[in-house]
Protein chains: 4
Amino acid sequence: MLTKIRIPIIIVNFKTYSEATGKKAVELAKTAEKVSLETEVCIGLAPQFVDIMPVANAVSLPVFAQHIDTIKPGSFTGHVLAESVKEAGAVGTLINHSEMQLKLADIDATITRAREVNLTSVVCADSAAVSASVAKFKPNMIAVEPPELIGTGIPVAKAKPEVVTGAVRVVKQINPDVVVLCGAGLTKGEDVAAALRLGTEGVLVASGIVKAKAPYKVLLEFAENITKV
Amino acid sequence: MLTKIRIPIIIVNFKTYSEATGKKAVELAKTAEKVSLETEVCIGLAPQFVDIMPVANAVSLPVFAQHIDTIKPGSFTGHVLAESVKEAGAVGTLINHSEMQLKLADIDATITRAREVNLTSVVCADSAAVSASVAKFKPNMIAVEPPELIGTGIPVAKAKPEVVTGAVRVVKQINPDVVVLCGAGLTKGEDVAAALRLGTEGVLVASGIVKAKAPYKVLLEFAENITKV
Amino acid sequence: MLTKIRIPIIIVNFKTYSEATGKKAVELAKTAEKVSLETEVCIGLAPQFVDIMPVANAVSLPVFAQHIDTIKPGSFTGHVLAESVKEAGAVGTLINHSEMQLKLADIDATITRAREVNLTSVVCADSAAVSASVAKFKPNMIAVEPPELIGTGIPVAKAKPEVVTGAVRVVKQINPDVVVLCGAGLTKGEDVAAALRLGTEGVLVASGIVKAKAPYKVLLEFAENITKV
Amino acid sequence: MLTKIRIPIIIVNFKTYSEATGKKAVELAKTAEKVSLETEVCIGLAPQFVDIMPVANAVSLPVFAQHIDTIKPGSFTGHVLAESVKEAGAVGTLINHSEMQLKLADIDATITRAREVNLTSVVCADSAAVSASVAKFKPNMIAVEPPELIGTGIPVAKAKPEVVTGAVRVVKQINPDVVVLCGAGLTKGEDVAAALRLGTEGVLVASGIVKAKAPYKVLLEFAENITKV
């Protein structure tokens with residue numbers, strides 16, 4: 001079943017790009033599903049909150065929220081409830097993306113909330129030290145992304161391989177069950193292959209796919225490079 | 001057409017109550033639609049982000065987001081884009097709810113974003129002075145809610161009538177086109193009638209309806225009291 | 001007495017510039033005092049929190065905090081208590097600077113705190129609309145500063161005169177007792193004269209003085225231009 | 001020299017209590033100095049920002065800021081610069097107190113800033129897991145404080161000994177050089193003795209001393225119990 005999260009994985013963060021909003025979010029999801037079916041590589045999708053349900057209804061791929069709040073059901077307005085994104089069809093959630101940074105205690109609390117409703121937690125970290133710090137809270141996955149490379153087209157595995165290998169080493173030392181992904185600056189298949197050769201089990205990508213002229217082609221290249229490694 | 005916003009209006013804030021999440025959000029929306037059809041009173045619904053689309057698809061009532069961010073389409077993760085909630089079916093948005101307070105400059109910017117995508121802006125204020133302050137930014141509606149009364153069952157129109165009349169007076173002085181609502185502690189039809197007699201053109205209600213044993217009955221009472229005034 | 005706040009006024013925001021930290025804050029304060037004595041123009045100083053006391057002890061000029069929190073005495077760590085800055089020698093405080101923006105309700109609460117301990121409140125606003133909004137809370141002064149001009153050397157009175165005249169008009173309409181200052185991009189005496197000709201009663205300046213090669217000379221020029229208008 | 005930080009240590013957080021503000025901060029500091037001289041126990045003091053200099057000038061005890069920001073010298077208003085608190089006389093700083101919680105990446109950055117200006121970093125954590133997480137950033141000290149016990153008079157070493165022993169174990173495992181303190185609910189000498197017996201090397205205390213009827217007597221009891229263990 002394609003909605004099951006498998007390793008290695010490519011997670012595509014749709015952000016709030018207009019190319020991945022509303023109907024276009026669903027279209028991009030279908031493109032990703034096609035690649036996943038052809039290559040048998042697991043592709044996760046992280047659309048905006050309002051697009052979780054239509055995306056989850058349209059394709060059989062694991063859908064992630066971009067963020068959830070620490071709150072429980074109750075008197076909160078404008079917050080994102082773990083139970084709600086779950087019911088809408090998400091199977092996981094990003095946590096602490098560099099564009100949505102959390103207080104330390106809230107990272108712990110958010111991972112706990114995700115666990116309570118059975119959402120896979122993917123915590124973002126900007127360095128090996130932060131990855132190690134986060135690993136202590138036992139998330140399912142950690143995605144290390146140097147924020148200064150995000151959206152640059154300079155792939156992390158080339159520009160800062162030591163951040164990636166450092167993150168893999170310290171995280172696995174603390175908890176070998178935590179899956180380590182990396183991201184930032186990925187635009188080509190070889191960037192993905194390089195990331196996996198550094199010990200990661202997948203990538204977190206956004207503009208490299210969403211803003212590509214031919215998302216199908218680039219995502220296919222990503223997936224094929226994953227199967228090669 | 002029921003999705004058109006008309007005055008007087010009852011806006012029901014679903015918050016993150018489990019009684020108004022996911023399928024239950026849709027059920028509550030249908031209950032509200034029934035009351036609206038029977039009484040011809042306009043009832044707006046403010047469900048969680050993920051529930052905007054299913055609610056908007058299920059009923060012909062105006063749907064509001066509980067919050068939108070000031071961002072434009074682009075590289076933002078976990079944010080709420082005005083264009084997205086609009087495409088999902090919302091026709092308006094709450095802004096600056098006491099449970100989601102904004103910086104002053106962001107209130108101005110959020111009202112502008114709402115206007116840009118043609119969402120009706122309903123800015124919450126906790127006092128007459130804050131209502132006056134907010135009126136300067138020309139939102140469509142201002143909902144004055146003393147936060148200390150929210151969820152108490154002590155209706156604002158009885159406990160603090162001077163806050164309501166004060167807000168109506170100062171807002172209308174600045175801009176007679178701005179619709180003034182009030183909220184907090186409303187549980188009975190007479191609370192709504194009292195609110196309208198103080199010069200408001202509607203109410204913002206949450207637990208009084210969402211957590212009522214018989215939401216249909218209470219909402220009907222609310223609507224009938226509106227038509228009486 | 002020089003520590004009394006008089007109109008027109010030049011307020012120098014020391015920010016966290018190294019040129020205006022610690023001993024250098026005291027030196028700059030003495031330079032300002034010299035100019036104030038020579039020109040009889042009121043010059044206010046807004047040093048960092050830790051420098052309020054040494055600056056207030058060293059010179060007879062009105063000292064402002066750069067920010068205070070809304071808290072009252074009690075169990076708060078790392079917060080800035082109105083009573084503390086008062087006891088340290090401040091006679092006023094900046095509020096809602098564009099580098100320390102507050103939630104709307106907190107601006108109201110901070111002005112109230114300032115009033116309670118008899119600190120003159122100087123609320124910053126980035127536009128005429130925000131100035132009008134803030135005027136409703138009856139601060140003592142409003143300093144309008146388009147944030148995009150801060151630190152640029154492009155004076156607000158030249159680049160955006162309509163923002164300044166707009167702020168003066170709307171604020172005085174709401175409450176003629178509120179003093180209107182303007183700031184951003186001021187580096188020359190003529191910028192100050194221009195600001196006053198647009199109807200303001202003073203300026204808020206930072207890098208134009210703090211980072212000037214000869215702060216005495218520039219500040220003297222500022223003060224002389226104030227006396228000319 | 002008394003201003004040197006030695007282990008074991010009692011750090012007194014003055015918070016924004018009126019009993020420890022301005023002149024009263026200096027008085028309390030002198031009381032602490034008397035106890036430190038009599039017992040030879042190291043007592044650190046964490047007054048409000050404006051009180052760092054007068055306290056550091058009045059006594060020969062190590063003074064801590066309650067918080068510093070991650071900023072470097074430059075264009076920031078209302079922020080707390082590491083260099084400033086250092087120049088004012090502080091030798092260390094609290095970081096991430098439960099009343100001033102930071103984003104994860106900012107904890108890392110703040111510890112780095114403290115190291116750059118040679119301030120001893122004391123990072124607060126609310127659990128053993130958070131302590132372990134923080135230890136990865138190599139602060140000088142970690143103070144574990146279950147926030148629900150702060151100000152209660154229920155001592156952490158009695159109510160939650162497993163949090164304290166857990167924090168000591170995980171922190172020392174990661175980095176044996178990091179000093180572990182504990183706090184929350186301490187009001188008696190025996191609470192301090194219990195804390196040290198659980199493996200900590202000192203305590204962080206606030207209301208237990210600041211709001212005591214006889215601070216000298218209680219602080220003396222604290223210090224004597226430290227020398228006994």
# chains A, B, ... in the order shown; residues from 1 in each chain; ligands from 1

$ residues_around --residues "region 64-70 of chain D" --least-positions-apart "6" --cutoff "8 Å" --atoms "only C-alpha atoms" --output "tab-separated table (two decimals) with C-alpha atoms, in the first residue's frame"
chain	number	residue	atom	x	y	z
C	77	THR	CA	12.37	35.92	34.45
C	78	GLY	CA	14.17	37.96	31.81
D	13	ASN	CA	16.94	34.27	40.63
D	15	LYS	CA	12.92	37.53	38.90
D	44	GLY	CA	25.26	33.52	42.36
D	45	LEU	CA	22.75	36.32	41.87
D	46	ALA	CA	20.45	36.84	38.88
D	47	PRO	CA	18.89	40.31	39.18
D	48	GLN	CA	16.90	42.19	36.52
D	49	PHE	CA	18.88	43.72	33.65
D	52	ILE	CA	23.07	43.98	37.12
D	79	HIS	CA	17.06	43.54	23.01
D	80	VAL	CA	19.64	42.30	25.51
D	81	LEU	CA	23.16	42.19	24.14
D	82	ALA	CA	25.65	39.69	25.60
D	85	VAL	CA	25.48	42.51	30.39
D	90	ALA	CA	27.66	39.86	34.80
D	91	VAL	CA	29.81	36.72	34.62
D	92	GLY	CA	27.04	34.40	33.47
D	93	THR	CA	23.49	34.20	32.20
D	94	LEU	CA	20.40	32.08	32.60
D	95	ILE	CA	19.09	30.77	29.29
D	96	ASN	CA	15.66	29.32	28.45
D	97	HIS	CA	14.08	29.79	31.87
D	100	MET	CA	11.46	32.95	29.02
D	106	ASP	CA	18.13	30.02	19.64
D	109	ALA	CA	22.92	30.34	19.36
D	110	THR	CA	22.58	31.88	22.83
D	113	ARG	CA	26.97	34.05	22.21

$ select_by_dssp --residues "region 95-226 of chain B" --states "strand (DSSP E)" --output "count of residues only"
20

$ select_by_dssp --residues "region 15-210 of chain C" --states "helix (DSSP H, G or I)" --output "ChimeraX atom specification"
/C:18-20,23-39,49-58,82-88,104-116,128-135,147-149,156-159,161-174,189-197,207-210

$ closest_residue --among "A:Asp108, A:Glu116, A:Glu27, A:Glu148" --to "Ala58 (chain A)" --atoms "only C-alpha atoms"
A:Glu27

$ closest_atom_pairs --of "chain A" --to "chain D" --cutoff "6 Å" --atoms "only C-alpha atoms" --output "CSV"
residue,atom,partner,partner_atom,distance
A:Leu102,CA,D:Lys103,CA,5.1
A:Lys103,CA,D:Lys103,CA,3.6
A:Leu104,CA,D:Leu104,CA,4.6
A:Ser133,CA,D:Ser133,CA,4.0
A:Lys136,CA,D:Ser133,CA,5.6

$ residues_around --residues "Gly183 (chain B)" --least-positions-apart "3" --cutoff "9 Å" --atoms "only C-alpha atoms" --output "ChimeraX atom specification"
/B:143-146,149-150,155-157,186,195,202-206

$ residues_around --residues "Val178 (chain D)" --least-positions-apart "4" --cutoff "7 Å" --atoms "only C-alpha atoms" --output "PDB file with N, CA and C atoms, in the first residue's frame"
ATOM      1  N   PRO D 139      26.538  23.573  27.180  1.00  0.00           N
ATOM      2  CA  PRO D 139      26.493  24.736  28.062  1.00  0.00           C
ATOM      3  C   PRO D 139      27.379  24.442  29.275  1.00  0.00           C
ATOM      4  N   ASN D 140      27.651  25.445  30.121  1.00  0.00           N
ATOM      5  CA  ASN D 140      28.423  25.198  31.328  1.00  0.00           C
ATOM      6  C   ASN D 140      27.592  24.500  32.394  1.00  0.00           C
ATOM      7  N   MET D 141      26.338  24.901  32.498  1.00  0.00           N
ATOM      8  CA  MET D 141      25.462  24.296  33.507  1.00  0.00           C
ATOM      9  C   MET D 141      24.070  24.087  32.931  1.00  0.00           C
ATOM     10  N   LYS D 172      25.450  13.808  32.332  1.00  0.00           N
ATOM     11  CA  LYS D 172      26.837  13.389  32.587  1.00  0.00           C
ATOM     12  C   LYS D 172      27.318  12.369  31.554  1.00  0.00           C
TER      13      LYS D 172
END

$ atom_distance --atom1 "CA of Thr112 (chain B)" --atom2 "CA of Gly153 (chain C)"
28.7 Å

$ atom_distance --atom1 "CA of Ala25 (chain A)" --atom2 "CA of Pro54 (chain B)"
16.4 Å

$ atom_distance --atom1 "CA of Asp191 (chain C)" --atom2 "CA of Ala167 (chain C)"
17.2 Å

$ decode --residues "region 14-61 of chain A" --atoms "N, CA and C atoms" --output "short mmCIF file (atom, residue, chain, number, x, y, z; two decimals), in the first residue's frame"
data_model
loop_
_atom_site.label_atom_id
_atom_site.label_comp_id
_atom_site.auth_asym_id
_atom_site.auth_seq_id
_atom_site.Cartn_x
_atom_site.Cartn_y
_atom_site.Cartn_z
N PHE A 14 5.27 21.15 0.07
CA PHE A 14 4.59 22.02 -0.89
C PHE A 14 4.68 23.50 -0.48
N LYS A 15 5.07 23.75 0.78
CA LYS A 15 5.12 25.11 1.33
C LYS A 15 3.83 25.87 0.98
N THR A 16 3.94 27.17 0.78
CA THR A 16 2.76 27.92 0.34
C THR A 16 2.99 28.43 -1.08
N TYR A 17 3.71 27.63 -1.85
CA TYR A 17 3.94 27.99 -3.25
C TYR A 17 2.63 27.94 -4.03
N SER A 18 2.42 28.92 -4.88
CA SER A 18 1.18 28.92 -5.67
C SER A 18 1.15 27.73 -6.63
N GLU A 19 2.35 27.22 -7.00
CA GLU A 19 2.40 26.05 -7.87
C GLU A 19 1.93 24.78 -7.16
N ALA A 20 1.69 24.86 -5.84
CA ALA A 20 1.31 23.67 -5.07
C ALA A 20 0.19 23.99 -4.09
N THR A 21 -0.72 24.85 -4.54
CA THR A 21 -1.86 25.28 -3.72
C THR A 21 -3.17 24.86 -4.38
N GLY A 22 -4.09 24.36 -3.59
CA GLY A 22 -5.43 24.06 -4.09
C GLY A 22 -5.40 22.99 -5.17
N LYS A 23 -6.04 23.30 -6.32
CA LYS A 23 -6.09 22.30 -7.40
C LYS A 23 -4.71 21.90 -7.86
N LYS A 24 -3.78 22.85 -7.83
CA LYS A 24 -2.42 22.54 -8.26
C LYS A 24 -1.72 21.62 -7.28
N ALA A 25 -2.13 21.66 -6.02
CA ALA A 25 -1.58 20.74 -5.03
C ALA A 25 -2.00 19.31 -5.40
N VAL A 26 -3.25 19.17 -5.79
CA VAL A 26 -3.75 17.85 -6.17
C VAL A 26 -3.05 17.35 -7.44
N GLU A 27 -2.87 18.25 -8.40
CA GLU A 27 -2.16 17.87 -9.63
C GLU A 27 -0.74 17.38 -9.34
N LEU A 28 -0.03 18.16 -8.51
CA LEU A 28 1.34 17.79 -8.16
C LEU A 28 1.37 16.44 -7.43
N ALA A 29 0.37 16.24 -6.60
CA ALA A 29 0.28 14.97 -5.87
C ALA A 29 0.12 13.80 -6.85
N LYS A 30 -0.69 14.02 -7.88
CA LYS A 30 -0.89 12.94 -8.87
C LYS A 30 0.39 12.66 -9.65
N THR A 31 1.12 13.72 -9.95
CA THR A 31 2.42 13.54 -10.61
C THR A 31 3.34 12.69 -9.74
N ALA A 32 3.35 13.01 -8.45
CA ALA A 32 4.20 12.28 -7.51
C ALA A 32 3.77 10.82 -7.42
N GLU A 33 2.46 10.60 -7.43
CA GLU A 33 1.95 9.23 -7.34
C GLU A 33 2.40 8.41 -8.55
N LYS A 34 2.37 9.07 -9.71
CA LYS A 34 2.80 8.39 -10.95
C LYS A 34 4.26 7.94 -10.80
N VAL A 35 5.12 8.84 -10.34
CA VAL A 35 6.53 8.51 -10.16
C VAL A 35 6.70 7.37 -9.15
N SER A 36 5.92 7.46 -8.08
CA SER A 36 6.01 6.44 -7.04
C SER A 36 5.60 5.07 -7.56
N LEU A 37 4.54 5.06 -8.38
CA LEU A 37 4.08 3.79 -8.95
C LEU A 37 5.12 3.23 -9.91
N GLU A 38 5.72 4.09 -10.69
CA GLU A 38 6.70 3.63 -11.69
C GLU A 38 8.01 3.14 -11.08
N THR A 39 8.42 3.79 -9.99
CA THR A 39 9.74 3.50 -9.43
C THR A 39 9.68 2.70 -8.13
N GLU A 40 8.47 2.59 -7.57
CA GLU A 40 8.27 1.93 -6.27
C GLU A 40 9.02 2.62 -5.13
N VAL A 41 9.38 3.88 -5.36
CA VAL A 41 10.00 4.66 -4.29
C VAL A 41 8.90 5.39 -3.51
N CYS A 42 9.03 5.38 -2.19
CA CYS A 42 8.03 6.05 -1.34
C CYS A 42 8.19 7.57 -1.46
N ILE A 43 7.09 8.24 -1.81
CA ILE A 43 7.11 9.70 -1.90
C ILE A 43 6.05 10.27 -0.96
N GLY A 44 6.50 11.04 0.01
CA GLY A 44 5.58 11.69 0.95
C GLY A 44 5.28 13.10 0.48
N LEU A 45 4.09 13.59 0.81
CA LEU A 45 3.66 14.92 0.36
C LEU A 45 3.25 15.76 1.56
N ALA A 46 3.75 16.99 1.62
CA ALA A 46 3.39 17.88 2.74
C ALA A 46 2.72 19.15 2.21
N PRO A 47 1.43 19.07 1.92
CA PRO A 47 0.70 20.24 1.40
C PRO A 47 0.26 21.15 2.53
N GLN A 48 -0.32 22.29 2.19
CA GLN A 48 -0.88 23.19 3.20
C GLN A 48 -2.05 22.51 3.93
N PHE A 49 -2.39 23.04 5.10
CA PHE A 49 -3.42 22.41 5.93
C PHE A 49 -4.71 22.17 5.16
N VAL A 50 -5.19 23.20 4.46
CA VAL A 50 -6.48 23.08 3.77
C VAL A 50 -6.42 22.07 2.62
N ASP A 51 -5.20 21.77 2.18
CA ASP A 51 -5.06 20.85 1.05
C ASP A 51 -4.78 19.41 1.47
N ILE A 52 -4.66 19.15 2.77
CA ILE A 52 -4.38 17.78 3.23
C ILE A 52 -5.47 16.83 2.78
N MET A 53 -6.72 17.20 3.01
CA MET A 53 -7.81 16.29 2.68
C MET A 53 -7.93 16.04 1.17
N PRO A 54 -8.02 17.09 0.34
CA PRO A 54 -8.13 16.79 -1.10
C PRO A 54 -6.93 16.00 -1.64
N VAL A 55 -5.74 16.26 -1.13
CA VAL A 55 -4.57 15.50 -1.60
C VAL A 55 -4.66 14.05 -1.13
N ALA A 56 -5.02 13.86 0.14
CA ALA A 56 -5.12 12.50 0.67
C ALA A 56 -6.23 11.72 -0.02
N ASN A 57 -7.28 12.41 -0.43
CA ASN A 57 -8.37 11.74 -1.15
C ASN A 57 -7.99 11.40 -2.59
N ALA A 58 -7.09 12.21 -3.16
CA ALA A 58 -6.79 12.06 -4.59
C ALA A 58 -5.73 11.01 -4.87
N VAL A 59 -4.81 10.82 -3.94
CA VAL A 59 -3.70 9.88 -4.22
C VAL A 59 -3.46 8.92 -3.07
N SER A 60 -2.77 7.82 -3.40
CA SER A 60 -2.38 6.85 -2.39
C SER A 60 -0.91 7.02 -2.05
N LEU A 61 -0.59 8.14 -1.46
CA LEU A 61 0.77 8.40 -1.00
C LEU A 61 0.67 8.91 0.43
#
